[in-house]
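Enquirer: Below is one structure. I have some questions about it.
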Amino acid sequence: MRRVLLWLLILPAVPAAAVGAERFNVDFGVGWQGCYRPLEWTPVEIGISSRLSKPFGGALTISAQQDELSTLTISHPIVLTRDLRLYLPLVTKFAFSGEDCVVRITDERGRVRWRRSYSLWDSPGGPQGLNAVGTNELLIGVSGQMLFGLAFLPKHSKCRSGEQTGKVHVKLKLERLLPWDWTGYVSLDLLVLYNVDWSLLRSEQVEAIVEWISNGGRLLLVLGSHPLPAKHPLAALLPLPLGQPTQVEIDRNTLTRWGVRKTRKRTVTCWLRHDSPGDRRSITAPPIFAHGPVGFGHVGVFGADPSVLGGEQKGNLAPFWIAHVKPLLCGRTLKAGSAEDSEESDDYYPYTYQLGDAGAGSDAVLNHLLNVKQLRPISIWWVVLLLVTLAVLLGPVDYLVLKRFGRLPLTWVTSACYVALFSVGAYYGVRALRGGRLQVRVVSVSDGIAGQETAWSTRYSGIFAPAGHDYKLAGLGPRDWWSGIAPHGGYLEEEHTWGRRQIYCLQHDGANSVTSVPISIWSMQCLVCEAPVPALPIGATIKRQQGELMLALTNRSSQQISGGSVRMGGNKLMRFGSVSAGATREIRVRLRKGEPWDACLGDPDEREYYLYGSYGSRPFHTDAPYFAQGSLRRTRGIEEHLERGAAVVCVRYDDAPVPFTMADRSCDYSHIKLLRLVVFPED
């Protein structure tokens, strides 16, 4: 009878559960045709349709391991209507060789209505697997048309960075699937918009591309049959303005150099105006291609549709794309050939992922954040003293005392009391050594360009928890993008044990705001935040006077500048002292040969010792954050400005106000604020 009642209860529930699962149809896509960069922001495309009879309100949640320590969980509010597909372009981070990504749909009460785990690593490079693009490889995203041999570029070219060679990846994404947030383009080395139908792009997508370029992105715009409107936001970034179409003749030598064969000369229709003077821009001859810096990024434009030049749509056209892609790259070069034949390719180490300068810079910053006395190992002598004392009490002391009073059978009680007493004492002893107040340590890097209102900031934060709790942050900015960050020692391994730390964020309205950070007792959770910020609180002008530079530095902040430096191309450097709050100081600058900017990272062959050393083993170098994750792109852009004759003024604020607070908790704050302002000297 009991079995019959049990089956009567189970059978009605089975069809109901199956129907509930079928009410949601979810499409899931990651990266740029599966390509991504570990620890960097990666686009995630989710499409949802439902067969519910009533509108459904709730949230979509994606959860995946973002590094070896933390799982990043992102939620986005949703409203579903029957037979109306909802498209959500989200952005998250994935660890190297991450196992899966869990997607959930919850209702307004937080109940899970749909759940599925998508495998990310079962078939690397396949339709359902991710392909980790190495730091020495080139990832080019293309939207629009892939004509004129662009699709063959990976087979007939290779990327070279320093002494290492890597592959070239060209991945297509439809106009309507382009990310809506600037973070969705971070994994790209170059975005190519080839004859894009501009009517298909949303304003959010265009704004995201503009912000990404300002923060160090690289764009190549190839015009075609869909002319770019003159008032389009991207038109304002072009090195040459758009005008009426004109006929430009390309000679045979140029066509041969581009790989176009079996033709003498061609006449193409060009949309660029040639009467505009070039200012820090490069214009080719014939004047059909131009490129120049925009913010901390770089923009190039080819003023015609190259497919009208003719030529075979194969590898012989690789020289054309190499000629127009190479000027937009920074610190790398693109050459004809195949990376598969090179022994220096990243595939030579298939089970590790090299992080390069970004890993060394990030670990140096984390080395500073984790340098608190509560996290230092407890001296072994305390442990020895505790064990020896316990052994003495349990042995001769306990025996002699009980024997004197004739109570030896009570040793079962007294020994248990000793163990309990020492356990409580050990807990409170460790708490005294490793406890204390809640601490927030921050290192921030803010970069701007003289004459431009928008600047960019990257904040590296460490929250030390004296007690296990679910901590919340207050005072967050409306455009902040938060995620976790962890030390890695310069490389990632495919086989490792994942940590269980959690970071919960709400991604909505162009931001990824952290909502909850659970932290275990006596440990530190490190976070990184990237965001556009208003103009920097400093102003600077530089004038050349008789072989010297006259720097006029204005400190608009209410806090004193602790010190700074002026750097120009050729590793020319001069340091200066403090500047009072609200004051202007004139400094006569005599630049001298200094160390390269990345000398603070040390020799690449010796970085492992530095990164694996005990916290605080070496002093914190304030140039190291410039090469950390989130700041390296802007550093490369600043280096390009230096090569073009600009100067960068770097200042430091010690014990600056922290841009956020811990909600409903008192704590100790420490903030090192670094500012960099690119200035163009005047004669």
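By order in the structure tokens, chains are A, B, ...; within a chain, residues start at 1; ligands start at 1, following the order shown.
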Applying 7 Å and only C-alpha atoms, which residues near Ala455 in chain A remain after dropping the ones on its own chain fewer than 6 positions away? List them as a PDB file with N, CA and C atoms, in the first residue's frame.
Expert:
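This went into result_13.pdb:
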```
ATOM      1  N   SER A 446      44.990  55.725 -12.773  1.00  0.00           N
ATOM      2  CA  SER A 446      44.086  56.530 -13.595  1.00  0.00           C
ATOM      3  C   SER A 446      44.900  57.228 -14.670  1.00  0.00           C
ATOM      4  N   ASP A 447      44.422  57.132 -15.918  1.00  0.00           N
ATOM      5  CA  ASP A 447      45.152  57.671 -17.065  1.00  0.00           C
ATOM      6  C   ASP A 447      44.274  58.634 -17.838  1.00  0.00           C
ATOM      7  N   GLY A 448      44.858  59.720 -18.265  1.00  0.00           N
ATOM      8  CA  GLY A 448      44.152  60.704 -19.069  1.00  0.00           C
ATOM      9  C   GLY A 448      45.087  61.351 -20.068  1.00  0.00           C
ATOM     10  N   PRO A 532      35.441  54.136 -16.752  1.00  0.00           N
ATOM     11  CA  PRO A 532      35.764  55.507 -17.174  1.00  0.00           C
ATOM     12  C   PRO A 532      35.495  56.463 -16.029  1.00  0.00           C
ATOM     13  N   VAL A 533      36.336  57.484 -15.910  1.00  0.00           N
ATOM     14  CA  VAL A 533      36.221  58.456 -14.825  1.00  0.00           C
ATOM     15  C   VAL A 533      36.322  59.859 -15.418  1.00  0.00           C
ATOM     16  N   PRO A 534      35.891  60.878 -14.657  1.00  0.00           N
ATOM     17  CA  PRO A 534      36.056  62.253 -15.142  1.00  0.00           C
ATOM     18  C   PRO A 534      37.524  62.621 -15.297  1.00  0.00           C
ATOM     19  N   ALA A 535      37.756  63.849 -15.770  1.00  0.00           N
ATOM     20  CA  ALA A 535      39.123  64.310 -16.005  1.00  0.00           C
ATOM     21  C   ALA A 535      39.950  64.218 -14.733  1.00  0.00           C
ATOM     22  N   LEU A 536      41.245  63.972 -14.893  1.00  0.00           N
ATOM     23  CA  LEU A 536      42.137  63.802 -13.751  1.00  0.00           C
ATOM     24  C   LEU A 536      42.265  65.108 -12.970  1.00  0.00           C
TER      25      LEU A 536
END
```
Enquirer: Counting only C-alpha atoms, what are the residues of range 287-363 of chain A within 8 Å of range 245-264 of chain A, and for each of them which pair of atoms is the nearest and at what distance in Å, to one decimal? Sort the table by chain and rising number, as JSON lines.
Expert:
```
{"residue": "A:Pro287", "atom": "CA", "partner": "A:Val248", "partner_atom": "CA", "distance": 8.0}
{"residue": "A:Ile288", "atom": "CA", "partner": "A:Val248", "partner_atom": "CA", "distance": 7.6}
{"residue": "A:Leu309", "atom": "CA", "partner": "A:Val260", "partner_atom": "CA", "distance": 7.3}
{"residue": "A:Gly310", "atom": "CA", "partner": "A:Val260", "partner_atom": "CA", "distance": 6.9}
{"residue": "A:Gly311", "atom": "CA", "partner": "A:Val260", "partner_atom": "CA", "distance": 4.8}
{"residue": "A:Glu312", "atom": "CA", "partner": "A:Val260", "partner_atom": "CA", "distance": 7.3}
{"residue": "A:Asn316", "atom": "CA", "partner": "A:Gly259", "partner_atom": "CA", "distance": 5.2}
{"residue": "A:Leu317", "atom": "CA", "partner": "A:Gly259", "partner_atom": "CA", "distance": 4.8}
{"residue": "A:Ala318", "atom": "CA", "partner": "A:Gly259", "partner_atom": "CA", "distance": 7.0}
{"residue": "A:Pro319", "atom": "CA", "partner": "A:Trp258", "partner_atom": "CA", "distance": 5.0}
{"residue": "A:Phe320", "atom": "CA", "partner": "A:Trp258", "partner_atom": "CA", "distance": 4.1}
{"residue": "A:Trp321", "atom": "CA", "partner": "A:Trp258", "partner_atom": "CA", "distance": 7.9}
{"residue": "A:Ala323", "atom": "CA", "partner": "A:Trp258", "partner_atom": "CA", "distance": 7.5}
```
Enquirer: Generate a file of the selected residues that holds N, CA and C atoms, formatted as a PDB file, in the first residue's frame.
Expert:
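So the final result, stored in part-v9.pdb, reads:
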```pdb
ATOM      1  N   PRO A 287      46.824  58.228 -51.275  1.00  0.00           N
ATOM      2  CA  PRO A 287      46.125  58.556 -50.026  1.00  0.00           C
ATOM      3  C   PRO A 287      44.789  57.824 -49.905  1.00  0.00           C
ATOM      4  N   ILE A 288      44.869  56.544 -49.676  1.00  0.00           N
ATOM      5  CA  ILE A 288      43.659  55.738 -49.543  1.00  0.00           C
ATOM      6  C   ILE A 288      43.587  55.065 -48.176  1.00  0.00           C
ATOM      7  N   LEU A 309      39.715  45.680 -56.305  1.00  0.00           N
ATOM      8  CA  LEU A 309      41.057  45.576 -56.870  1.00  0.00           C
ATOM      9  C   LEU A 309      41.266  44.270 -57.607  1.00  0.00           C
ATOM     10  N   GLY A 310      40.409  43.296 -57.342  1.00  0.00           N
ATOM     11  CA  GLY A 310      40.561  41.997 -57.984  1.00  0.00           C
ATOM     12  C   GLY A 310      41.587  41.158 -57.256  1.00  0.00           C
ATOM     13  N   GLY A 311      42.137  40.186 -57.951  1.00  0.00           N
ATOM     14  CA  GLY A 311      43.117  39.302 -57.331  1.00  0.00           C
ATOM     15  C   GLY A 311      42.479  38.022 -56.841  1.00  0.00           C
ATOM     16  N   GLU A 312      43.302  37.017 -56.643  1.00  0.00           N
ATOM     17  CA  GLU A 312      42.821  35.729 -56.159  1.00  0.00           C
ATOM     18  C   GLU A 312      42.505  35.826 -54.669  1.00  0.00           C
ATOM     19  N   ASN A 316      47.726  34.798 -51.431  1.00  0.00           N
ATOM     20  CA  ASN A 316      48.558  35.803 -52.064  1.00  0.00           C
ATOM     21  C   ASN A 316      48.122  37.219 -51.678  1.00  0.00           C
ATOM     22  N   LEU A 317      46.923  37.357 -51.059  1.00  0.00           N
ATOM     23  CA  LEU A 317      46.457  38.668 -50.623  1.00  0.00           C
ATOM     24  C   LEU A 317      46.846  38.968 -49.180  1.00  0.00           C
ATOM     25  N   ALA A 318      47.551  38.052 -48.524  1.00  0.00           N
ATOM     26  CA  ALA A 318      47.993  38.305 -47.159  1.00  0.00           C
ATOM     27  C   ALA A 318      48.853  39.566 -47.053  1.00  0.00           C
ATOM     28  N   PRO A 319      49.747  39.880 -48.014  1.00  0.00           N
ATOM     29  CA  PRO A 319      50.521  41.126 -47.908  1.00  0.00           C
ATOM     30  C   PRO A 319      49.657  42.375 -47.820  1.00  0.00           C
ATOM     31  N   PHE A 320      48.492  42.376 -48.473  1.00  0.00           N
ATOM     32  CA  PHE A 320      47.609  43.545 -48.378  1.00  0.00           C
ATOM     33  C   PHE A 320      47.165  43.766 -46.940  1.00  0.00           C
ATOM     34  N   TRP A 321      46.683  42.701 -46.288  1.00  0.00           N
ATOM     35  CA  TRP A 321      46.187  42.855 -44.931  1.00  0.00           C
ATOM     36  C   TRP A 321      47.324  43.078 -43.949  1.00  0.00           C
ATOM     37  N   ALA A 323      50.008  44.760 -44.553  1.00  0.00           N
ATOM     38  CA  ALA A 323      50.404  46.160 -44.703  1.00  0.00           C
ATOM     39  C   ALA A 323      49.467  47.108 -43.970  1.00  0.00           C
TER      40      ALA A 323
END
```
Enquirer: Per DSSP on the backbone, filter range 186-355 of chain A down to the residues in helix (DSSP H, G or I) and report them as a PyMOL selection string.
Expert: chain A and resi 198-200+203-214+235-237+252-257+306-309+315-328+339-341+346-348
Enquirer: Could you write out the selected residues, including C-alpha atoms, as a short mmCIF file (atom, residue, chain, number, x, y, z; two decimals), in the first residue's frame?
Expert:
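New file part_2.cif:
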```
data_model
loop_
_atom_site.label_atom_id
_atom_site.label_comp_id
_atom_site.auth_asym_id
_atom_site.auth_seq_id
_atom_site.Cartn_x
_atom_site.Cartn_y
_atom_site.Cartn_z
CA TRP A 198 25.49 50.70 -40.26
CA SER A 199 21.72 50.50 -39.98
CA LEU A 200 22.11 47.14 -38.20
CA SER A 203 23.69 52.86 -30.44
CA GLU A 204 24.90 50.73 -27.50
CA GLN A 205 27.23 48.78 -29.79
CA VAL A 206 28.70 51.91 -31.35
CA GLU A 207 29.21 53.53 -27.95
CA ALA A 208 30.91 50.36 -26.69
CA ILE A 209 33.36 50.38 -29.62
CA VAL A 210 34.16 54.06 -29.05
CA GLU A 211 34.83 53.48 -25.35
CA TRP A 212 36.95 50.42 -26.05
CA ILE A 213 39.13 52.41 -28.46
CA SER A 214 39.50 55.20 -25.92
CA ALA A 235 33.43 59.15 -38.10
CA ALA A 236 34.75 61.52 -35.45
CA LEU A 237 37.54 59.05 -34.65
CA ARG A 252 50.96 48.42 -60.52
CA ASN A 253 53.85 48.46 -58.03
CA THR A 254 51.50 49.07 -55.12
CA LEU A 255 49.16 46.33 -56.29
CA THR A 256 52.05 43.90 -56.64
CA ARG A 257 53.27 44.78 -53.15
CA PRO A 306 39.51 46.58 -51.60
CA SER A 307 37.54 43.79 -53.31
CA VAL A 308 37.29 45.95 -56.47
CA LEU A 309 41.06 45.58 -56.87
CA GLY A 315 46.96 33.58 -49.45
CA ASN A 316 48.56 35.80 -52.06
CA LEU A 317 46.46 38.67 -50.62
CA ALA A 318 47.99 38.30 -47.16
CA PRO A 319 50.52 41.13 -47.91
CA PHE A 320 47.61 43.55 -48.38
CA TRP A 321 46.19 42.86 -44.93
CA ILE A 322 49.61 42.70 -43.30
CA ALA A 323 50.40 46.16 -44.70
CA HIS A 324 47.21 47.64 -43.22
CA VAL A 325 47.07 45.70 -39.95
CA LYS A 326 50.70 46.05 -38.88
CA PRO A 327 50.57 49.86 -38.26
CA LEU A 328 47.72 49.36 -35.81
CA ALA A 339 53.03 30.06 -37.32
CA GLU A 340 52.48 26.29 -37.35
CA ASP A 341 56.00 25.79 -38.68
CA ASP A 346 52.64 28.89 -27.87
CA ASP A 347 51.52 25.41 -28.93
CA TYR A 348 55.00 24.25 -27.91
#
```
Enquirer: Find the residue from A:Ala358, A:Arg376, A:Lys158, A:Val401 that sits nearest to Thr333 in chain A; use only C-alpha atoms when measuring.
Expert: A:Lys158
Enquirer: Using only C-alpha atoms, determine which residues lie at most 6 Å from range 79-84 of chain A, disregarding the query and same-chain residues fewer than 3 positions distant; provide the list as a PyMOL selection string.
Expert: chain A and resi 50-52+55-57
Enquirer: Please produce a file of those selected residues containing N, CA and C atoms, as an mmCIF file, in the first residue's frame.
Expert:
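Wrote it out as out_12.cif, contents follow:
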```cif
data_model
loop_
_atom_site.group_PDB
_atom_site.id
_atom_site.type_symbol
_atom_site.label_atom_id
_atom_site.label_comp_id
_atom_site.auth_asym_id
_atom_site.auth_seq_id
_atom_site.Cartn_x
_atom_site.Cartn_y
_atom_site.Cartn_z
ATOM 1 N N SER A 50 10.357 31.644 -24.603
ATOM 2 C CA SER A 50 9.543 30.872 -23.670
ATOM 3 C C SER A 50 8.173 30.609 -24.272
ATOM 4 N N ARG A 51 7.514 29.588 -23.719
ATOM 5 C CA ARG A 51 6.157 29.239 -24.102
ATOM 6 C C ARG A 51 5.190 29.443 -22.948
ATOM 7 N N LEU A 52 5.570 30.321 -22.038
ATOM 8 C CA LEU A 52 4.714 30.588 -20.899
ATOM 9 C C LEU A 52 3.487 31.364 -21.329
ATOM 10 N N PRO A 55 3.471 36.697 -18.938
ATOM 11 C CA PRO A 55 4.823 37.271 -18.877
ATOM 12 C C PRO A 55 5.562 36.790 -17.627
ATOM 13 N N PHE A 56 6.853 36.586 -17.801
ATOM 14 C CA PHE A 56 7.691 36.035 -16.735
ATOM 15 C C PHE A 56 8.766 37.044 -16.371
ATOM 16 N N GLY A 57 8.853 37.379 -15.094
ATOM 17 C CA GLY A 57 9.882 38.276 -14.606
ATOM 18 C C GLY A 57 10.818 37.557 -13.666
#
```
Enquirer: Do you know which residues are at most 8 Å from range 489-504 of chain A counting only C-alpha atoms, after dropping those on the same chain fewer than 6 positions away, and could you put them as a PyMOL selection string?
Expert: chain A and resi 65+68-75+96-97+351-356+359-360+363+483+514-519+607-608+611-612
Enquirer: For the residues in that selection, give me N, CA and C atoms as a compact mmCIF listing (two decimals), in the first residue's frame.
Expert:
```txt
# COMPACT_ATOMS: atom_id res chain seq x y z
N GLN A 65 34.08 29.55 -13.42
CA GLN A 65 35.36 29.79 -12.76
C GLN A 65 36.12 30.84 -13.56
N GLU A 68 41.92 30.63 -10.75
CA GLU A 68 42.14 29.44 -9.93
C GLU A 68 41.50 29.53 -8.56
N LEU A 69 41.12 30.74 -8.12
CA LEU A 69 40.58 30.90 -6.78
C LEU A 69 39.08 31.18 -6.76
N SER A 70 38.58 31.95 -7.72
CA SER A 70 37.24 32.51 -7.61
C SER A 70 36.32 32.06 -8.73
N THR A 71 35.05 31.97 -8.38
CA THR A 71 33.96 31.77 -9.34
C THR A 71 33.18 33.06 -9.45
N LEU A 72 33.02 33.56 -10.64
CA LEU A 72 32.31 34.81 -10.89
C LEU A 72 30.87 34.49 -11.31
N THR A 73 29.91 34.97 -10.54
CA THR A 73 28.50 34.75 -10.81
C THR A 73 27.86 36.09 -11.17
N ILE A 74 27.29 36.15 -12.37
CA ILE A 74 26.71 37.38 -12.89
C ILE A 74 25.22 37.18 -13.10
N SER A 75 24.43 38.15 -12.61
CA SER A 75 22.97 38.11 -12.78
C SER A 75 22.52 39.29 -13.63
N PHE A 96 41.54 29.52 -17.51
CA PHE A 96 42.17 28.64 -18.48
C PHE A 96 41.75 27.20 -18.16
N SER A 97 41.26 26.50 -19.17
CA SER A 97 40.75 25.14 -19.06
C SER A 97 39.61 25.03 -18.07
N TYR A 351 49.98 22.63 -22.41
CA TYR A 351 49.25 22.48 -21.16
C TYR A 351 49.46 23.64 -20.20
N THR A 352 50.10 24.70 -20.65
CA THR A 352 50.29 25.89 -19.83
C THR A 352 49.93 27.12 -20.66
N TYR A 353 49.61 28.19 -19.94
CA TYR A 353 49.27 29.45 -20.59
C TYR A 353 50.14 30.53 -19.98
N GLN A 354 51.01 31.14 -20.81
CA GLN A 354 51.92 32.16 -20.35
C GLN A 354 51.20 33.50 -20.29
N LEU A 355 51.34 34.22 -19.16
CA LEU A 355 50.66 35.49 -18.95
C LEU A 355 51.49 36.69 -19.38
N GLY A 356 52.80 36.58 -19.45
CA GLY A 356 53.64 37.67 -19.90
C GLY A 356 53.68 38.82 -18.91
N GLY A 359 50.80 39.27 -16.34
CA GLY A 359 50.87 38.42 -15.16
C GLY A 359 51.88 38.90 -14.15
N ALA A 360 53.06 39.35 -14.63
CA ALA A 360 54.08 39.85 -13.71
C ALA A 360 53.63 41.12 -13.01
N ASP A 363 50.83 40.25 -10.41
CA ASP A 363 51.35 39.58 -9.22
C ASP A 363 52.14 40.55 -8.34
N SER A 483 35.48 42.46 -10.98
CA SER A 483 35.77 41.03 -11.11
C SER A 483 36.85 40.69 -10.09
N VAL A 514 29.48 44.75 -8.16
CA VAL A 514 29.61 43.65 -7.21
C VAL A 514 28.54 43.82 -6.14
N THR A 515 27.77 42.78 -5.90
CA THR A 515 26.68 42.81 -4.92
C THR A 515 27.04 42.08 -3.63
N SER A 516 27.92 41.10 -3.70
CA SER A 516 28.23 40.32 -2.52
C SER A 516 29.60 39.66 -2.70
N VAL A 517 30.40 39.69 -1.63
CA VAL A 517 31.72 39.06 -1.64
C VAL A 517 31.86 38.24 -0.36
N PRO A 518 31.52 36.96 -0.38
CA PRO A 518 31.75 36.12 0.80
C PRO A 518 33.25 35.88 1.00
N ILE A 519 33.75 36.16 2.22
CA ILE A 519 35.17 36.01 2.52
C ILE A 519 35.29 35.17 3.78
N ARG A 607 61.64 36.33 -12.69
CA ARG A 607 60.37 36.78 -12.11
C ARG A 607 59.77 35.75 -11.18
N GLU A 608 60.00 34.46 -11.43
CA GLU A 608 59.39 33.43 -10.61
C GLU A 608 59.84 33.56 -9.16
N LEU A 611 57.95 36.55 -7.64
CA LEU A 611 56.53 36.38 -7.43
C LEU A 611 56.23 35.32 -6.39
N TYR A 612 57.11 34.34 -6.25
CA TYR A 612 56.86 33.29 -5.27
C TYR A 612 57.53 33.57 -3.93
```
Enquirer: Any idea what's packed within 9 Å of Leu178 in chain A, counting only C-alpha atoms, ignoring anything in its chain fewer than 5 positions away? Could you give it as a ChimeraX atom specification?
Expert: /A:43,89,143,173,184-185,201,205
Enquirer: Please produce a file of those selected residues containing N, CA and C atoms, as a short mmCIF file (atom, residue, chain, number, x, y, z; two decimals), in the first residue's frame.
Expert:
```
data_model
loop_
_atom_site.label_atom_id
_atom_site.label_comp_id
_atom_site.auth_asym_id
_atom_site.auth_seq_id
_atom_site.Cartn_x
_atom_site.Cartn_y
_atom_site.Cartn_z
N PRO A 43 32.87 38.00 -24.32
CA PRO A 43 31.43 38.14 -24.58
C PRO A 43 30.71 36.81 -24.49
N PRO A 89 23.29 40.20 -24.51
CA PRO A 89 24.74 40.20 -24.74
C PRO A 89 25.46 40.49 -23.42
N SER A 143 33.56 42.08 -38.42
CA SER A 143 32.11 42.18 -38.58
C SER A 143 31.83 42.81 -39.93
N LYS A 173 31.87 37.90 -36.55
CA LYS A 173 30.70 38.08 -35.72
C LYS A 173 29.73 39.00 -36.45
N GLY A 184 33.32 43.69 -23.86
CA GLY A 184 33.19 42.58 -24.77
C GLY A 184 34.25 42.53 -25.86
N TYR A 185 34.99 43.63 -26.03
CA TYR A 185 36.03 43.70 -27.06
C TYR A 185 37.45 43.59 -26.48
N LEU A 201 23.59 48.32 -36.66
CA LEU A 201 24.27 48.53 -35.39
C LEU A 201 23.41 49.37 -34.46
N GLN A 205 26.06 49.42 -29.20
CA GLN A 205 27.23 48.78 -29.79
C GLN A 205 28.25 49.80 -30.26
#
```
